[in-house]
Each structure stands twice: as C-alpha cells, then as structure tokens.
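Have a look at final-v1.cif; it's mmCIF, C-alpha atoms and all ligand atoms:
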data_query
#
loop_
_atom_site.label_atom_id
_atom_site.label_comp_id
_atom_site.auth_asym_id
_atom_site.auth_seq_id
_atom_site.Cartn_x
_atom_site.Cartn_y
_atom_site.Cartn_z
CA MET A 1 0.00 0.00 0.00
CA SER A 2 2.73 2.48 0.96
CA ASP A 3 4.54 1.51 -2.25
CA VAL A 4 1.52 2.28 -4.36
CA ALA A 5 1.10 5.73 -2.78
CA LYS A 6 4.83 6.40 -3.12
CA GLU A 7 4.87 5.30 -6.77
CA PHE A 8 1.83 7.52 -7.41
CA ARG A 9 3.79 10.50 -6.01
CA GLU A 10 6.76 9.69 -8.22
CA LEU A 11 4.59 9.30 -11.33
CA TYR A 12 2.20 12.20 -10.96
CA GLY A 13 4.12 14.54 -8.64
CA ALA A 14 1.45 14.83 -5.94
CA GLU A 15 -0.07 12.87 -3.06
CA PRO A 16 -2.99 10.64 -4.11
CA GLU A 17 -6.31 11.68 -2.60
CA GLY A 18 -6.78 8.13 -1.38
CA VAL A 19 -5.81 4.46 -1.68
CA TRP A 20 -8.26 1.59 -2.16
CA GLU A 21 -8.03 -2.17 -2.58
CA ALA A 22 -10.26 -4.84 -4.08
CA PRO A 23 -9.69 -8.61 -3.93
CA GLY A 24 -9.69 -11.42 -6.44
CA ARG A 25 -12.11 -14.24 -5.70
CA VAL A 26 -12.49 -17.95 -5.89
CA ASN A 27 -15.86 -19.61 -6.37
CA LEU A 28 -16.69 -22.42 -3.95
CA ILE A 29 -19.71 -23.70 -5.90
CA GLY A 30 -22.21 -22.55 -8.56
CA GLU A 31 -20.37 -22.48 -11.90
CA TYR A 32 -21.82 -21.20 -15.19
CA THR A 33 -24.91 -20.35 -13.17
CA ASP A 34 -24.54 -16.57 -12.98
CA PHE A 35 -25.58 -15.86 -16.55
CA ASN A 36 -28.62 -18.09 -15.94
CA ASP A 37 -29.88 -15.83 -13.11
CA GLY A 38 -28.80 -18.61 -10.73
CA PHE A 39 -26.88 -18.96 -7.49
CA VAL A 40 -23.16 -18.74 -6.75
CA MET A 41 -21.01 -18.91 -3.62
CA PRO A 42 -17.67 -17.13 -3.98
CA LEU A 43 -15.20 -15.96 -1.35
CA ALA A 44 -12.72 -13.10 -1.60
CA LEU A 45 -9.01 -13.93 -1.62
CA PRO A 46 -6.36 -12.16 0.45
CA HIS A 47 -4.79 -11.14 -2.88
CA THR A 48 -5.89 -7.63 -3.86
CA ALA A 49 -5.47 -4.94 -6.46
CA VAL A 50 -4.43 -1.69 -4.76
CA ALA A 51 -5.07 1.67 -6.44
CA ALA A 52 -3.95 5.18 -5.52
CA VAL A 53 -6.30 7.67 -7.16
CA SER A 54 -6.87 11.43 -7.43
CA ARG A 55 -9.62 13.35 -9.21
CA ARG A 56 -9.04 15.62 -12.18
CA THR A 57 -11.32 18.32 -13.50
CA ASP A 58 -9.95 18.58 -17.06
CA GLY A 59 -11.41 15.39 -18.58
CA VAL A 60 -8.03 13.66 -18.62
CA LEU A 61 -7.73 10.06 -17.48
CA ARG A 62 -4.22 8.83 -16.69
CA LEU A 63 -3.79 5.14 -15.92
CA HIS A 64 -0.69 3.29 -14.79
CA SER A 65 -0.04 -0.25 -13.59
CA ALA A 66 3.10 -1.26 -11.71
CA ASP A 67 2.68 -4.73 -13.22
CA VAL A 68 2.68 -3.81 -16.92
CA ALA A 69 5.43 -2.29 -19.02
CA GLY A 70 4.57 0.64 -21.24
CA GLY A 71 4.14 3.62 -18.96
CA VAL A 72 1.16 5.87 -18.34
CA VAL A 73 -1.87 5.45 -20.62
CA GLN A 74 -3.51 8.83 -21.17
CA LEU A 75 -7.12 9.00 -22.39
CA ASP A 76 -9.79 11.64 -22.87
CA ALA A 77 -12.70 10.80 -20.56
CA ASP A 78 -15.12 12.51 -22.99
CA ALA A 79 -14.03 10.34 -25.91
CA LEU A 80 -13.79 6.83 -24.47
CA GLN A 81 -14.64 4.26 -27.14
CA PRO A 82 -16.10 0.86 -26.20
CA LEU A 83 -14.27 -2.13 -27.71
CA ALA A 84 -11.40 0.08 -28.83
CA GLY A 85 -8.83 -2.37 -27.46
CA GLY A 86 -6.27 -0.63 -25.30
CA GLY A 87 -5.08 -3.71 -23.41
CA TRP A 88 -5.18 -3.66 -19.64
CA ALA A 89 -6.20 0.01 -19.45
CA ALA A 90 -9.61 -0.90 -20.90
CA TYR A 91 -10.63 -2.33 -17.50
CA PRO A 92 -10.29 0.88 -15.45
CA ALA A 93 -11.19 3.08 -18.45
CA GLY A 94 -14.33 0.97 -18.94
CA VAL A 95 -15.39 1.76 -15.38
CA VAL A 96 -15.04 5.50 -16.03
CA TRP A 97 -17.03 5.03 -19.25
CA ALA A 98 -19.78 3.02 -17.48
CA LEU A 99 -20.08 5.61 -14.70
CA ARG A 100 -20.35 8.46 -17.19
CA GLU A 101 -22.84 6.49 -19.32
CA ALA A 102 -24.98 6.15 -16.20
CA GLY A 103 -24.90 9.93 -15.79
CA HIS A 104 -22.30 10.23 -13.05
CA PRO A 105 -20.08 13.32 -13.29
CA VAL A 106 -16.61 11.78 -13.41
CA THR A 107 -14.37 14.47 -14.87
CA GLY A 108 -11.08 12.59 -15.00
CA ALA A 109 -8.62 10.82 -12.71
CA ASP A 110 -5.01 9.92 -12.11
CA VAL A 111 -4.73 6.22 -11.26
CA HIS A 112 -1.74 4.11 -10.28
CA LEU A 113 -2.34 0.50 -9.34
CA ALA A 114 -0.54 -2.71 -8.46
CA SER A 115 -2.13 -6.11 -8.04
CA ALA A 116 -1.24 -9.34 -6.25
CA VAL A 117 -4.10 -11.23 -7.90
CA PRO A 118 -2.60 -13.76 -10.34
CA THR A 119 -3.81 -12.88 -13.85
CA GLY A 120 -5.59 -15.33 -16.09
CA ALA A 121 -5.73 -17.98 -13.32
CA GLY A 122 -9.51 -17.79 -13.05
CA LEU A 123 -9.18 -15.72 -9.87
CA SER A 124 -10.70 -12.54 -11.34
CA SER A 125 -7.79 -10.17 -11.50
CA SER A 126 -9.92 -8.23 -14.00
CA ALA A 127 -12.81 -7.74 -11.57
CA ALA A 128 -10.36 -6.63 -8.87
CA LEU A 129 -9.11 -3.90 -11.22
CA GLU A 130 -12.62 -2.77 -12.13
CA VAL A 131 -13.96 -2.80 -8.60
CA VAL A 132 -11.02 -0.96 -7.06
CA THR A 133 -11.44 1.76 -9.71
CA ALA A 134 -15.21 1.94 -9.23
CA LEU A 135 -14.97 2.18 -5.44
CA ALA A 136 -12.28 4.88 -5.60
CA LEU A 137 -14.30 7.02 -8.02
CA ASN A 138 -17.49 6.44 -6.01
CA ASP A 139 -15.79 7.74 -2.89
CA LEU A 140 -13.87 10.60 -4.50
CA TYR A 141 -16.79 11.90 -6.55
CA GLY A 142 -19.32 11.27 -3.76
CA LEU A 143 -21.55 9.22 -6.09
CA GLY A 144 -23.29 7.35 -3.26
CA LEU A 145 -23.58 4.09 -5.18
CA THR A 146 -24.10 0.85 -3.24
CA ARG A 147 -21.71 -2.09 -3.52
CA PRO A 148 -24.08 -4.11 -5.75
CA GLU A 149 -24.57 -1.02 -7.94
CA LEU A 150 -20.80 -0.65 -8.29
CA ALA A 151 -20.57 -4.34 -9.20
CA ARG A 152 -23.22 -3.89 -11.93
CA LEU A 153 -21.32 -0.93 -13.38
CA ALA A 154 -18.04 -2.86 -13.28
CA GLN A 155 -19.70 -5.78 -15.07
CA ARG A 156 -21.08 -3.38 -17.68
CA ALA A 157 -17.55 -2.04 -18.16
CA GLU A 158 -16.23 -5.55 -18.80
CA ASN A 159 -19.18 -6.61 -21.03
CA ALA A 160 -19.68 -3.50 -23.13
CA PHE A 161 -16.36 -1.66 -22.99
CA VAL A 162 -13.73 -4.42 -22.76
CA GLY A 163 -15.97 -6.86 -24.64
CA VAL A 164 -15.90 -9.87 -22.29
CA PRO A 165 -19.37 -11.43 -21.78
CA CYS A 166 -18.89 -12.27 -18.08
CA GLY A 167 -21.71 -12.69 -15.56
CA ILE A 168 -22.11 -10.68 -12.36
CA MET A 169 -20.39 -13.00 -9.86
CA ASP A 170 -16.80 -11.75 -10.04
CA GLN A 171 -17.50 -8.07 -9.54
CA THR A 172 -20.06 -8.73 -6.81
CA ALA A 173 -17.64 -11.00 -4.96
CA SER A 174 -14.87 -8.41 -5.12
CA ALA A 175 -17.22 -5.61 -3.99
CA CYS A 176 -19.37 -7.42 -1.41
CA CYS A 177 -17.51 -10.33 0.23
CA ALA A 178 -16.82 -10.26 3.97
CA GLU A 179 -13.88 -11.67 5.88
CA GLY A 180 -14.48 -15.19 7.23
CA HIS A 181 -17.53 -15.69 5.00
CA VAL A 182 -18.66 -17.01 1.65
CA LEU A 183 -21.18 -14.95 -0.27
CA HIS A 184 -24.45 -16.75 -1.06
CA LEU A 185 -25.54 -14.67 -4.01
CA ASP A 186 -28.73 -14.72 -6.05
CA THR A 187 -27.53 -13.32 -9.36
CA ARG A 188 -31.07 -12.43 -10.48
CA ASP A 189 -31.65 -9.61 -8.00
CA LEU A 190 -28.21 -9.50 -6.31
CA SER A 191 -29.75 -10.31 -2.95
CA LEU A 192 -26.96 -11.77 -0.86
CA ARG A 193 -26.26 -13.51 2.39
CA GLN A 194 -22.92 -13.65 4.18
CA VAL A 195 -22.47 -17.29 5.27
CA PRO A 196 -19.88 -17.93 8.00
CA PHE A 197 -17.01 -19.99 6.56
CA ASP A 198 -14.56 -20.37 9.40
CA LEU A 199 -12.74 -23.45 8.15
CA ALA A 200 -9.88 -23.17 10.64
CA ALA A 201 -12.33 -23.46 13.54
CA HIS A 202 -13.41 -26.82 12.09
CA GLY A 203 -9.85 -28.01 11.44
CA LEU A 204 -10.29 -27.60 7.68
CA ALA A 205 -8.60 -25.68 4.87
CA LEU A 206 -9.56 -24.68 1.33
CA LEU A 207 -6.71 -24.90 -1.17
CA VAL A 208 -6.56 -23.13 -4.49
CA VAL A 209 -4.55 -24.98 -7.11
CA ASP A 210 -3.63 -22.78 -10.06
CA THR A 211 -2.80 -25.16 -12.90
CA ARG A 212 -0.84 -22.39 -14.68
CA VAL A 213 -2.43 -23.37 -17.98
CA LYS A 214 -5.03 -21.56 -20.03
CA HIS A 215 -6.22 -23.51 -23.06
CA ALA A 216 -7.12 -21.37 -26.07
CA LEU A 217 -10.47 -23.16 -26.41
CA GLY A 218 -11.83 -21.26 -23.42
CA ASP A 219 -13.23 -18.09 -24.94
CA GLY A 220 -15.29 -19.67 -27.70
CA ALA A 221 -16.46 -22.45 -25.39
CA TYR A 222 -17.83 -19.95 -22.87
CA ALA A 223 -19.93 -18.30 -25.59
CA ASP A 224 -21.08 -21.75 -26.83
CA ARG A 225 -22.22 -22.86 -23.38
CA ARG A 226 -23.94 -19.57 -22.86
CA ALA A 227 -25.79 -19.90 -26.16
CA ALA A 228 -26.81 -23.49 -25.30
CA CYS A 229 -28.20 -22.35 -21.93
CA GLU A 230 -30.16 -19.56 -23.61
CA ALA A 231 -31.51 -22.02 -26.17
CA GLY A 232 -32.54 -24.32 -23.32
CA ALA A 233 -34.37 -21.51 -21.51
CA ARG A 234 -36.20 -20.56 -24.72
CA ALA A 235 -37.20 -24.16 -25.44
CA LEU A 236 -38.51 -24.54 -21.89
CA GLY A 237 -40.38 -21.23 -21.99
CA VAL A 238 -38.55 -19.57 -19.09
CA ARG A 239 -36.63 -16.31 -18.93
CA ALA A 240 -33.60 -18.07 -17.43
CA LEU A 241 -32.70 -21.61 -16.36
CA ARG A 242 -32.81 -20.62 -12.71
CA GLU A 243 -36.59 -20.94 -13.01
CA ILE A 244 -36.37 -24.72 -13.56
CA PRO A 245 -36.65 -26.31 -10.10
CA TYR A 246 -34.35 -29.25 -9.50
CA ALA A 247 -37.40 -31.43 -8.75
CA ARG A 248 -38.60 -30.86 -12.34
CA LEU A 249 -35.23 -31.37 -14.02
CA ASP A 250 -36.03 -34.77 -15.55
CA ALA A 251 -39.32 -33.54 -16.99
CA ALA A 252 -37.53 -30.50 -18.42
CA LEU A 253 -34.78 -32.63 -19.98
CA ALA A 254 -37.37 -34.87 -21.63
CA ARG A 255 -38.69 -31.81 -23.52
CA LEU A 256 -35.31 -30.94 -25.09
CA ASP A 257 -34.23 -32.36 -28.47
CA SER A 258 -30.62 -31.32 -28.49
CA GLU A 259 -28.21 -33.48 -26.53
CA THR A 260 -25.84 -30.50 -26.07
CA VAL A 261 -28.59 -28.29 -24.70
CA ARG A 262 -29.78 -31.10 -22.45
CA ARG A 263 -26.32 -31.53 -20.92
CA CYS A 264 -25.93 -27.79 -20.32
CA VAL A 265 -29.38 -27.53 -18.73
CA ARG A 266 -28.63 -30.51 -16.50
CA HIS A 267 -25.41 -28.88 -15.32
CA VAL A 268 -26.93 -25.48 -14.56
CA VAL A 269 -30.05 -26.76 -12.80
CA SER A 270 -28.08 -29.30 -10.77
CA ASP A 271 -25.33 -26.82 -9.86
CA ASN A 272 -27.96 -24.37 -8.57
CA GLU A 273 -29.18 -27.19 -6.35
CA ARG A 274 -25.60 -27.90 -5.23
CA VAL A 275 -25.22 -24.28 -4.10
CA GLU A 276 -28.31 -24.70 -1.94
CA ARG A 277 -26.99 -27.99 -0.57
CA VAL A 278 -23.64 -26.42 0.35
CA ALA A 279 -25.47 -23.51 2.01
CA ALA A 280 -27.54 -26.00 4.02
CA HIS A 281 -24.43 -27.94 5.14
CA LEU A 282 -22.70 -24.74 6.22
CA ALA A 283 -25.80 -23.53 8.06
CA ALA A 284 -25.98 -26.90 9.84
CA GLY A 285 -22.34 -26.61 10.95
CA GLU A 286 -21.22 -29.60 8.84
CA PRO A 287 -18.57 -28.16 6.50
CA ARG A 288 -17.03 -31.60 5.85
CA GLU A 289 -20.22 -32.55 4.00
CA VAL A 290 -19.39 -29.83 1.47
CA GLY A 291 -16.52 -31.92 0.08
CA PRO A 292 -18.51 -34.55 -1.85
CA VAL A 293 -20.77 -31.82 -3.27
CA LEU A 294 -17.71 -30.12 -4.75
CA THR A 295 -16.52 -33.34 -6.38
CA GLU A 296 -20.00 -33.99 -7.74
CA GLY A 297 -19.98 -30.45 -9.18
CA HIS A 298 -16.67 -31.19 -10.89
CA ALA A 299 -18.09 -34.31 -12.54
CA SER A 300 -20.96 -32.23 -13.88
CA LEU A 301 -18.60 -29.56 -15.29
CA ARG A 302 -16.39 -32.27 -16.79
CA ASP A 303 -19.02 -34.63 -18.21
CA ASP A 304 -22.10 -32.48 -18.86
CA LEU A 305 -20.86 -28.95 -19.49
CA ARG A 306 -17.48 -30.23 -20.77
CA VAL A 307 -15.42 -27.23 -19.70
CA SER A 308 -12.70 -29.05 -17.73
CA CYS A 309 -9.32 -30.20 -19.02
CA ALA A 310 -6.69 -32.83 -18.23
CA GLU A 311 -4.87 -30.64 -15.70
CA LEU A 312 -8.03 -29.74 -13.74
CA ASP A 313 -9.23 -33.35 -13.77
CA LEU A 314 -5.83 -34.38 -12.45
CA VAL A 315 -6.00 -31.91 -9.55
CA VAL A 316 -9.37 -33.30 -8.53
CA ALA A 317 -8.45 -36.98 -8.96
CA SER A 318 -5.07 -36.73 -7.23
CA ALA A 319 -6.37 -34.58 -4.36
CA VAL A 320 -9.33 -36.86 -3.67
CA ALA A 321 -7.10 -39.96 -3.95
CA ALA A 322 -4.77 -38.37 -1.37
CA GLY A 323 -7.62 -37.94 1.09
CA ALA A 324 -9.09 -34.52 0.27
CA LEU A 325 -12.75 -34.18 1.28
CA GLY A 326 -13.64 -32.91 -2.17
CA ALA A 327 -12.42 -30.81 -5.09
CA ARG A 328 -13.63 -29.10 -8.23
CA MET A 329 -12.47 -26.83 -10.99
CA THR A 330 -13.51 -23.23 -10.35
CA GLY A 331 -14.11 -20.39 -12.79
CA GLY A 332 -14.54 -20.79 -16.52
CA GLY A 333 -12.41 -23.93 -16.90
CA PHE A 334 -10.05 -25.05 -19.70
CA GLY A 335 -7.24 -24.37 -17.25
CA GLY A 336 -7.16 -21.81 -14.46
CA SER A 337 -7.70 -23.01 -10.92
CA ALA A 338 -9.36 -25.71 -8.81
CA VAL A 339 -10.49 -25.62 -5.19
CA VAL A 340 -9.76 -28.46 -2.79
CA LEU A 341 -11.38 -28.91 0.64
CA VAL A 342 -9.03 -30.71 3.02
CA GLU A 343 -8.47 -31.48 6.67
CA ALA A 344 -5.98 -28.85 7.89
CA ALA A 345 -3.70 -31.69 8.96
CA ALA A 346 -3.69 -33.07 5.40
CA VAL A 347 -2.74 -29.85 3.58
CA ASP A 348 0.87 -30.92 3.05
CA THR A 349 0.14 -34.50 1.97
CA VAL A 350 -2.57 -33.45 -0.46
CA THR A 351 -0.43 -30.62 -1.88
CA LYS A 352 2.48 -32.99 -2.36
CA SER A 353 0.30 -35.60 -4.08
CA VAL A 354 -1.07 -33.06 -6.54
CA GLU A 355 2.44 -31.75 -7.27
CA GLU A 356 3.74 -35.29 -7.81
CA ALA A 357 0.84 -36.16 -10.09
CA PHE A 358 1.58 -33.05 -12.19
CA ALA A 359 5.29 -33.88 -12.38
CA ALA A 360 4.53 -37.47 -13.39
CA ALA A 361 2.19 -36.27 -16.15
CA GLY A 362 4.80 -33.80 -17.42
CA HIS A 363 2.67 -30.73 -16.60
CA THR A 364 4.10 -27.40 -15.40
CA ALA A 365 4.22 -27.34 -11.58
CA PRO A 366 0.95 -25.95 -10.19
CA ARG A 367 0.82 -23.05 -7.73
CA VAL A 368 -0.97 -24.08 -4.53
CA PHE A 369 -2.11 -21.70 -1.80
CA GLU A 370 -4.65 -21.63 0.99
CA ALA A 371 -7.75 -19.50 0.39
CA LEU A 372 -8.50 -17.55 3.55
CA PRO A 373 -11.95 -15.97 3.13
CA SER A 374 -11.06 -12.28 3.04
CA ALA A 375 -12.69 -8.87 3.01
CA GLY A 376 -14.26 -7.25 -0.03
CA ALA A 377 -13.13 -3.95 -1.51
CA ARG A 378 -12.31 -1.14 0.90
CA ARG A 379 -10.62 2.20 1.30
CA LEU A 380 -7.15 1.92 2.88
CA ARG A 381 -6.56 5.64 3.44
P1 LIG B 401 -8.78 -13.16 -14.71
O1 LIG B 401 -9.79 -12.09 -14.43
O2 LIG B 401 -9.36 -14.52 -14.53
O3 LIG B 401 -7.50 -12.99 -13.97
P2 LIG B 401 -8.95 -12.01 -17.30
O4 LIG B 401 -8.45 -12.41 -18.64
O5 LIG B 401 -10.41 -11.75 -17.15
O6 LIG B 401 -8.42 -13.07 -16.26
O7 LIG B 401 -8.23 -10.66 -16.87
C1 LIG B 401 -6.82 -10.55 -16.95
C2 LIG B 401 -6.48 -9.21 -17.55
O8 LIG B 401 -6.71 -8.17 -16.59
C3 LIG B 401 -5.01 -9.07 -17.88
O9 LIG B 401 -4.74 -9.59 -19.18
C4 LIG B 401 -4.82 -7.56 -17.84
O10 LIG B 401 -5.30 -6.95 -19.02
C5 LIG B 401 -5.75 -7.16 -16.71
N1 LIG B 401 -4.99 -7.10 -15.45
C6 LIG B 401 -5.10 -7.90 -14.37
N2 LIG B 401 -4.23 -7.53 -13.40
C7 LIG B 401 -3.56 -6.45 -13.87
C8 LIG B 401 -2.53 -5.59 -13.35
N3 LIG B 401 -2.02 -5.80 -12.14
N4 LIG B 401 -2.11 -4.58 -14.12
C9 LIG B 401 -2.63 -4.38 -15.35
N5 LIG B 401 -3.57 -5.15 -15.88
C10 LIG B 401 -4.06 -6.17 -15.17
MG MG B 402 -11.62 -11.86 -15.50
#
In structure tokens, write the structure found in this file.
Amino acid sequence: MSDVAKEFRELYGAEPEGVWEAPGRVNLIGEYTDFNDGFVMPLALPHTAVAAVSRRTDGVLRLHSADVAGGVVQLDADALQPLAGGGWAAYPAGVVWALREAGHPVTGADVHLASAVPTGAGLSSSAALEVVTALALNDLYGLGLTRPELARLAQRAENAFVGVPCGIMDQTASACCAEGHVLHLDTRDLSLRQVPFDLAAHGLALLVVDTRVKHALGDGAYADRRAACEAGARALGVRALREIPYARLDAALARLDSETVRRCVRHVVSDNERVERVAAHLAAGEPREVGPVLTEGHASLRDDLRVSCAELDLVVASAVAAGALGARMTGGGFGGSAVVLVEAAAVDTVTKSVEEAFAAAGHTAPRVFEALPSAGARRLR
C-alpha cells in the first residue's frame, strides 16, 4: 500500500487523494450459473489490487499499472470508445465510461495500481481492477452508489467496454464479500447472504490450485455454453434456467431435443441445487459434507458442461485420492484453478500428491495456496 502511494507521487508529482483495494475471488460452488440468473457462492481472496487515485477536473484520465510495461496510458474521458482495445487500461477506463454512461459526473482521474491477484488464473484479476477503480471514483466523486450497484457498473464495463461477456459474480464477490464468510448470491436480484465460513475453527482448509495453464479453447467455449443455456431456456419457456426447479429437471430434460442443450441444462439446474446444498451444510455446521458436493460439481462440469481439461481433472483426482474431502475446478475452466477442501492436517500431503501427479504427467508445476476468506473492496486511506 505504501509503495503504491509512493509510486503515485513519483509518477504524478502529488499525493494521491486516497488508496483503495479490491480482492480477487475464488468460487466455492455454482459455476456457469450466474448468466442463468442462478446462485453462486464465492469468497474473496487475500490477494488484492491496490489503487492510488486522485480526481481531475480537465477530462483527462491517466492510468498506470506497476505490473505492466509501457508507462502511463492517457485517455480523454469525454471520448472513451467501447471495444477500442487498449489492453489492460480498458478495464479501469471501462469503469469510467460506465459511470459516465450512467450519468455520473466523473471528470477525470489519475490512477496508479498494483495487483497481487494472479492474472488469467480464473481468480478474477480483471474484476479486482474494475472494482477498485469503481470504489475509488465512487468515494472521490461522492456518487453514493451501493456495492451491488458498483458491481453492476463494473460488469457493464467488462461486457460492453472491454468486450468480455462475463456474468455478475466476479465483480459482486470483489465488492461485497466479507472476511471469514462465503457470499451466497442470487444473481437475479443481487440479494446476498454472508455465510460464516470459518474453516480453521473446524480443522479444515480450502486450497486453491492454479494449474498455470489456459487452453485457447476457453473463450469460444464460454460463448457456446452460454448460447446453449439460452436455447434451453427458450425451449422450456422460461426467462432463465434458474426458473427450472431441481425437482422438475427430468421432466424439463425430456422436452429438449438437443443433446448438447440437455447436458448444459442438467449442469446449470443441478449446480444451482448444489449451491443450496452447500449452504444448508454450512448452516448446519457440517462443512465436511461440502466436500462430496464439490466433487459432484466437478463431474458435472467435466461430463455435462465439458469445460474441464486434463490438468483440472488431475488436480481433482489426485487430491481426492490423497484424502481430500472434495475438489472441483472453479471459474470458466479449460485451465485456471481448482479448489480443494481438506483437513488442515492433510494440507501438506494433499499438496504434495497433486504436485507429484503433475510432475509425473509432465505438466508445469501448479501453484498451490490456501484460500482464507477475506474482506471485499475497501478504502485503505
Ligand atoms: P482473470 O480475471 O481470470 O484474472 P482475465 O483475462 O479476465 O483473467 O483478466 C486478466 C487481464 O486483466 C489481464 O490480461 C490484464 O489486461 C488485466 N490485469 C489484471 N491484473 C492487472 C494488473 N495488475 N495490471 C494491469 N492489468 C491487469
Ligand atoms: Mg476476469
């Protein structure tokens, strides 16, 4: 944090008006459900993007990242063009664009940021960037927007300005998560519940395994799955698949002609039910019961939605074989990260088994860390 403020001073020659941070996230359960108006259950990571920001009144937007070569990106806030490219700067610039589109008087800013969220690992480094920018501008310009409203604007920035068709989970997690909790989020109306997730108190740990691979297939596949879900909703006469109750899944499947659509519908409807089951286990104080639900969710992502890959399947298989309570890929798939629920006493054995399985298969060594449920975005000074 002090580095970011100091670097801001060196870059722009003045103190920043403030410093903010916003975390990356990992999703415990509820995958490919957020664009179906369904349920998700993410937690914020201790890894955050930190931004030092000052207002400007001359319509100039200056953006700088400590993590990217290429210097300060200078833009005209009045002339921001959606989908104009612009690399990393499109994320914070898109937030300024979305705020202005919504009628908020943002007249420019100097921004310097640095992030500890691994990029492209499915841990939402992009949402961290958007949310930290949105929160800073909300505070500095006194916009009075709520956290869910900031998340919506950040999502709009990513969808319409950057051009990534993501759902609402990532930005909401970064903006709204609470330390020691998972967020039980209804993505239809953004109603949310903070569910206590104190794994240490139960002698448990949640590991994140970043496979360090990102298969090129991913982007097109996300759009394909999304289209299949939308086709399924249309065929079933509902606005979104969240409206299909799990109890009526078989009847719904029987009405679908396309095998692909049927598999996608089965995944989404069953994963919504798994979110509710995990919520019930946590409410009942039985977090160990969450494990098998995670593994079941992985099988659904692998076999029905078909968005897993060899590396993610290997994390799950090797972790479970080494005694993990359960594991699943998390995020969009085709690489990125998996989550593994383990007894705290088994963290080392399970980690070692996954690393050995990767070495034996000739894969790049994965990065394994413990996910401590952390706070959402906040002002640091
Ligand atoms: P994820 O959100 O899963 O990490 P994305 O592809 O959605 O992956 O977002 C990664 C992109 O976000 C990077 O390619 C880069 O453009 C931007 N980004 C993330 N962190 C930083 C950073 N510290 N500095 C500059 N850009 C960043
Ligand atoms: Mg992202």
Which residue out of A:Ala5, A:Leu206, A:Ala93, A:Val164 has the minimum interatomic distance to ligand LIG 401 (chain B) when all atoms listed in the file are used?
-> A:Val164
Around ligand LIG 401 (chain B), at most 7 Å away and counting only C-alpha atoms and all ligand atoms, which residues are there? Put them as a VMD selection string, please.
-> chain A and resid 49 65 to 68 87 to 89 91 113 to 127 129
Pick from A:Glu101, A:Glu356, A:Glu273, A:Asp37 nearest to Ala247 of chain A, counting only C-alpha atoms |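 Under the stated criterion, the closest residue is A:Glu273.
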Could you pull the residues within 10 Å of Met169 of chain A, counting all atoms listed in the file, minus those fewer than 5 positions along the same chain, as a compact mmCIF listing (two decimals) with C-alpha atoms, keeping the file's coordinate frame?
# COMPACT_ATOMS: atom_id res chain seq x y z
CA ARG A 25 -12.11 -14.24 -5.70
CA ASN A 27 -15.86 -19.61 -6.37
CA GLY A 30 -22.21 -22.55 -8.56
CA GLU A 31 -20.37 -22.48 -11.90
CA TYR A 32 -21.82 -21.20 -15.19
CA THR A 33 -24.91 -20.35 -13.17
CA ASP A 34 -24.54 -16.57 -12.98
CA PHE A 35 -25.58 -15.86 -16.55
CA PHE A 39 -26.88 -18.96 -7.49
CA VAL A 40 -23.16 -18.74 -6.75
CA MET A 41 -21.01 -18.91 -3.62
CA PRO A 42 -17.67 -17.13 -3.98
CA SER A 124 -10.70 -12.54 -11.34
CA ALA A 127 -12.81 -7.74 -11.57
CA ALA A 151 -20.57 -4.34 -9.20
CA ARG A 152 -23.22 -3.89 -11.93
CA GLN A 155 -19.70 -5.78 -15.07
CA SER A 174 -14.87 -8.41 -5.12
CA ALA A 175 -17.22 -5.61 -3.99
CA LEU A 183 -21.18 -14.95 -0.27
CA LEU A 185 -25.54 -14.67 -4.01
CA ASP A 186 -28.73 -14.72 -6.05
CA THR A 187 -27.53 -13.32 -9.36
CA LEU A 190 -28.21 -9.50 -6.31
Kindly indicate which residue among A:Pro16, A:Gly38, A:Gly332, A:Pro292 lies nearest to ligand MG 402 (chain B), using all atoms listed in the file for the distances.
->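 Of A:Pro16, A:Gly38, A:Gly332, A:Pro292, the one nearest ligand MG 402 (chain B) is A:Gly332, counting all atoms listed in the file.
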Exercise: segment 253-261 of chain A partners within 12 Å, only C-alpha atoms, chain neighbours under 2 positions left out, as a CSV table (one decimal) with C-alpha atoms, in the coordinates of the input:
chain,number,residue,atom,x,y,z
A,224,ASP,CA,-21.1,-21.8,-26.8
A,225,ARG,CA,-22.2,-22.9,-23.4
A,226,ARG,CA,-23.9,-19.6,-22.9
A,227,ALA,CA,-25.8,-19.9,-26.2
A,228,ALA,CA,-26.8,-23.5,-25.3
A,229,CYS,CA,-28.2,-22.4,-21.9
A,230,GLU,CA,-30.2,-19.6,-23.6
A,231,ALA,CA,-31.5,-22.0,-26.2
A,232,GLY,CA,-32.5,-24.3,-23.3
A,233,ALA,CA,-34.4,-21.5,-21.5
A,234,ARG,CA,-36.2,-20.6,-24.7
A,235,ALA,CA,-37.2,-24.2,-25.4
A,236,LEU,CA,-38.5,-24.5,-21.9
A,237,GLY,CA,-40.4,-21.2,-22.0
A,241,LEU,CA,-32.7,-21.6,-16.4
A,244,ILE,CA,-36.4,-24.7,-13.6
A,245,PRO,CA,-36.6,-26.3,-10.1
A,246,TYR,CA,-34.4,-29.2,-9.5
A,247,ALA,CA,-37.4,-31.4,-8.8
A,248,ARG,CA,-38.6,-30.9,-12.3
A,249,LEU,CA,-35.2,-31.4,-14.0
A,250,ASP,CA,-36.0,-34.8,-15.6
A,251,ALA,CA,-39.3,-33.5,-17.0
A,263,ARG,CA,-26.3,-31.5,-20.9
A,264,CYS,CA,-25.9,-27.8,-20.3
A,265,VAL,CA,-29.4,-27.5,-18.7
A,266,ARG,CA,-28.6,-30.5,-16.5
A,267,HIS,CA,-25.4,-28.9,-15.3
A,268,VAL,CA,-26.9,-25.5,-14.6
A,269,VAL,CA,-30.0,-26.8,-12.8
A,270,SER,CA,-28.1,-29.3,-10.8
A,303,ASP,CA,-19.0,-34.6,-18.2
A,304,ASP,CA,-22.1,-32.5,-18.9
A,305,LEU,CA,-20.9,-29.0,-19.5
A,306,ARG,CA,-17.5,-30.2,-20.8
Separating atom CA of Leu380 of chain A from atom CA of Leu140 of chain A, to the nearest tenth of an Å, is a gap of 13.2 Å
Among the residues A:Asp170, A:Glu130, A:Glu21, A:Asp110, the one that comes closest to Thr57 of chain A [using only C-alpha atoms] =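 Between A:Asp170, A:Glu130, A:Glu21, A:Asp110, the residue approaching Thr57 of chain A most closely is A:Asp110.
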Kindly list the centre and edge lengths in Å, rounded to one decimal, for the axis-aligned box that covers all listed atoms of segment 301-306 of chain A plus 3 Å on each of its six sides, as lines of an AutoDock Vina configuration file.
center_x = -19.2
center_y = -31.8
center_z = -18.0
size_x = 11.7
size_y = 11.7
size_z = 11.5
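Going from atom CA of Gly323 of chain A over to atom CA of Gln194 of chain A, you cover 28.9 Å.
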Have a look at A:Phe197, A:Ala216, A:Gly331, A:Ala319 and name the one nearest to ligand MG 402 (chain B); count only C-alpha atoms and all ligand atoms.
-> A:Gly331
